[in-house]
Amino acid sequence: MVVSLLGELARAVDGGVAVASATVVDTSRSVPRRAGAKMLVFRDGAISGTVGGGEMEARVVAEAVAALGDGRCRLLAYRLIDPGRGDPGVCGGDVQIFVEPHMPKPTVIVMGYGHVGRAVAQLAHWLGFRVVAADDRPVAGGDSPESEVPGGQSEDGALDELVIGTVDELLAGRRIDQDTSVVLVTRNVDVDSAALPALLDTDAGYVGVMGSERRWATTRARLEAAGVDPDALDRVHAPIGIEVGAETPEEIALSIMAEVIAHRRA
């Protein structure tokens, strides 16, 4: 049972799903499950396996969901003697349960895969992010990955996925949550204006747009005129990045990823 649960945990994380493990690590006297019993808990409270059931397990599930929210491990101790005193059971023993969150790699979506986009992808990969690059132009010349291979990955390994198409094609069937940061480093206002409404309709934790203050003002005015909610537009970080006096694509990438990480850590 434990082996199958560990396999399920690995498959979940590899598939981009956060899951917490709850493991009985110590017991004394009469308890429902002994040391080594394990349970997996997902963000919505769904479980696989059991650490004993009943009120105690319900409390463990609640703590595990909280752990997925704050990323912190927990060592839980329960006395199963007197529910009148708040104990979650009457078995007569004590149990300790270790809860550990297992988080998938955070994702950076780089929209616009030109010089800056490639630099952002390289740096994000080095920083441990899962990297998805997208561009609406056919892969060709200097605006394409320099060494594309079948399967949508670059030979240098910086990309986990490459999407050539519209923003709707990029988002189709894709899970976008707080662990996803979207970086728009596109060629013009038209591309940004077409992409932002759909992106702002997701739960992305960060959305940033490259360009001058004037370019962003132009983009925002166009979107507001098209009926996009101003509160949604307030989510956008623009001009993107932390001010470091960047000039080269690599320096701009540093500025952008510094802001992405600062936002995630806040």
# chains A, B, ... in the order shown; residues from 1 in each chain; ligands from 1

$ select_by_dssp --residues "range 57-187 of chain A" --states "strand (DSSP E or B)" --output "number ranges by chain"
A: 74-80, 93-102, 107-111, 130-135, 148-149, 153-154, 161-164, 180-184

$ write_last_selection --atoms "C-alpha atoms" --output "compact mmCIF listing (two decimals), in the first residue's frame"
# COMPACT_ATOMS: atom_id res chain seq x y z
CA ARG A 74 3.85 19.89 10.51
CA LEU A 75 4.36 17.37 13.32
CA LEU A 76 0.94 16.66 14.82
CA ALA A 77 0.39 15.00 18.19
CA TYR A 78 -2.97 13.59 19.28
CA ARG A 79 -4.14 11.92 22.49
CA LEU A 80 -7.02 9.53 21.83
CA GLY A 93 -3.33 5.84 23.03
CA ASP A 94 -1.17 8.60 21.59
CA VAL A 95 -0.09 9.18 18.01
CA GLN A 96 2.27 11.50 16.16
CA ILE A 97 1.78 12.25 12.48
CA PHE A 98 4.20 14.07 10.20
CA VAL A 99 2.63 16.15 7.43
CA GLU A 100 4.79 17.21 4.48
CA PRO A 101 3.67 19.26 1.45
CA HIS A 102 5.03 18.17 -1.93
CA THR A 107 5.71 27.43 -13.93
CA VAL A 108 6.82 30.44 -15.94
CA ILE A 109 4.98 31.04 -19.21
CA VAL A 110 7.05 33.22 -21.53
CA MET A 111 4.89 34.84 -24.20
CA ARG A 130 9.05 24.69 -15.36
CA VAL A 131 9.27 26.81 -18.52
CA VAL A 132 6.60 27.09 -21.23
CA ALA A 133 7.35 29.39 -24.17
CA ALA A 134 4.70 30.64 -26.58
CA ASP A 135 4.71 32.71 -29.74
CA GLU A 148 14.38 23.13 -31.81
CA VAL A 149 13.78 19.38 -31.66
CA GLN A 153 11.68 21.16 -26.48
CA SER A 154 14.99 22.87 -27.15
CA GLU A 161 7.18 23.05 -23.71
CA LEU A 162 6.95 25.26 -26.79
CA VAL A 163 3.57 26.42 -28.13
CA ILE A 164 3.28 28.08 -31.52
CA THR A 180 2.05 30.08 -12.58
CA SER A 181 3.77 33.33 -13.58
CA VAL A 182 3.09 34.79 -17.03
CA VAL A 183 5.74 37.00 -18.62
CA LEU A 184 4.72 38.93 -21.74

$ closest_atom_pairs --of "range 104-209 of chain A" --to "range 14-20 of chain A" --cutoff "10 Å" --atoms "only C-alpha atoms" --output "Markdown table"
| residue | atom | partner | partner_atom | distance |
| --- | --- | --- | --- | --- |
| A:Pro104 | CA | A:Gly16 | CA | 5.1 |
| A:Lys105 | CA | A:Gly16 | CA | 7.1 |
| A:Pro106 | CA | A:Gly16 | CA | 8.4 |
| A:Thr107 | CA | A:Gly16 | CA | 9.1 |
| A:Arg130 | CA | A:Gly16 | CA | 9.6 |
| A:Arg175 | CA | A:Gly16 | CA | 8.5 |
| A:Asp179 | CA | A:Gly16 | CA | 9.7 |

$ closest_residue --among "A:His263, A:Arg43, A:Arg59, A:Arg222" --to "Arg235 in chain A" --atoms "only C-alpha atoms"
A:His263

$ select_by_dssp --residues "range 57-247 of chain A" --states "helix (DSSP H, G or I)" --output "VMD selection string"
chain A and resid 57 to 70 83 to 85 115 to 126 141 to 143 167 to 171 189 to 200 213 to 225 230 to 233

$ write_last_selection --atoms "C-alpha atoms" --output "compact mmCIF listing (two decimals), in the first residue's frame"
# COMPACT_ATOMS: atom_id res chain seq x y z
CA GLU A 57 -8.10 11.89 10.37
CA ALA A 58 -10.39 14.85 9.64
CA ARG A 59 -8.06 17.06 11.67
CA VAL A 60 -5.02 15.70 9.81
CA VAL A 61 -6.70 16.45 6.47
CA ALA A 62 -7.37 20.03 7.55
CA GLU A 63 -3.74 20.47 8.62
CA ALA A 64 -2.51 18.94 5.36
CA VAL A 65 -4.62 21.32 3.26
CA ALA A 66 -3.21 24.20 5.32
CA ALA A 67 0.31 22.87 4.70
CA LEU A 68 -0.33 22.98 0.95
CA GLY A 69 -1.27 26.62 1.41
CA ASP A 70 1.80 27.75 3.34
CA PRO A 83 -13.29 13.54 23.57
CA GLY A 84 -14.80 15.58 26.39
CA ARG A 85 -11.42 17.28 26.71
CA HIS A 115 15.79 37.53 -27.79
CA VAL A 116 14.40 38.54 -24.36
CA GLY A 117 12.04 35.57 -24.25
CA ARG A 118 14.88 33.12 -24.78
CA ALA A 119 16.96 34.84 -22.08
CA VAL A 120 14.03 34.69 -19.62
CA ALA A 121 13.50 31.00 -20.43
CA GLN A 122 17.16 30.18 -19.83
CA LEU A 123 17.26 31.98 -16.49
CA ALA A 124 13.90 30.62 -15.31
CA HIS A 125 15.07 27.08 -16.11
CA TRP A 126 18.30 27.63 -14.17
CA GLY A 141 14.88 32.79 -38.06
CA GLY A 142 15.98 34.75 -35.03
CA ASP A 143 12.58 34.61 -33.33
CA VAL A 167 -3.29 32.55 -26.51
CA ASP A 168 -6.41 30.38 -26.68
CA GLU A 169 -4.31 27.49 -27.97
CA LEU A 170 -1.80 28.10 -25.21
CA LEU A 171 -4.45 28.02 -22.48
CA VAL A 189 0.81 46.41 -28.17
CA ASP A 190 -1.44 44.45 -30.53
CA VAL A 191 -0.12 41.11 -29.26
CA ASP A 192 -0.36 42.18 -25.62
CA SER A 193 -3.90 43.50 -26.06
CA ALA A 194 -5.03 40.25 -27.69
CA ALA A 195 -3.51 38.03 -24.99
CA LEU A 196 -4.22 39.86 -21.73
CA PRO A 197 -8.02 39.43 -21.41
CA ALA A 198 -7.72 35.62 -21.50
CA LEU A 199 -4.68 35.61 -19.22
CA LEU A 200 -6.34 37.86 -16.64
CA GLU A 213 5.18 53.23 -19.31
CA ARG A 214 3.76 54.81 -22.47
CA ARG A 215 3.35 51.42 -24.14
CA TRP A 216 1.52 50.05 -21.10
CA ALA A 217 -0.69 53.16 -20.91
CA THR A 218 -1.63 52.61 -24.57
CA THR A 219 -2.36 48.92 -23.96
CA ARG A 220 -4.41 49.60 -20.85
CA ALA A 221 -6.48 52.32 -22.52
CA ARG A 222 -7.25 50.01 -25.43
CA LEU A 223 -8.33 47.19 -23.12
CA GLU A 224 -10.47 49.42 -20.92
CA ALA A 225 -12.18 50.75 -24.05
CA PRO A 230 -9.88 47.98 -14.60
CA ASP A 231 -9.49 45.97 -11.38
CA ALA A 232 -8.28 43.03 -13.45
CA LEU A 233 -5.79 45.28 -15.23

$ atom_distance --atom1 "CA of Leu9 in chain A" --atom2 "CA of Met103 in chain A"
10.3 Å

$ residues_around --residues "Thr23 in chain A" --least-positions-apart "2" --cutoff "8 Å" --atoms "only C-alpha atoms" --output "VMD selection string"
chain A and resid 21 25 35 to 39 51 97 to 99
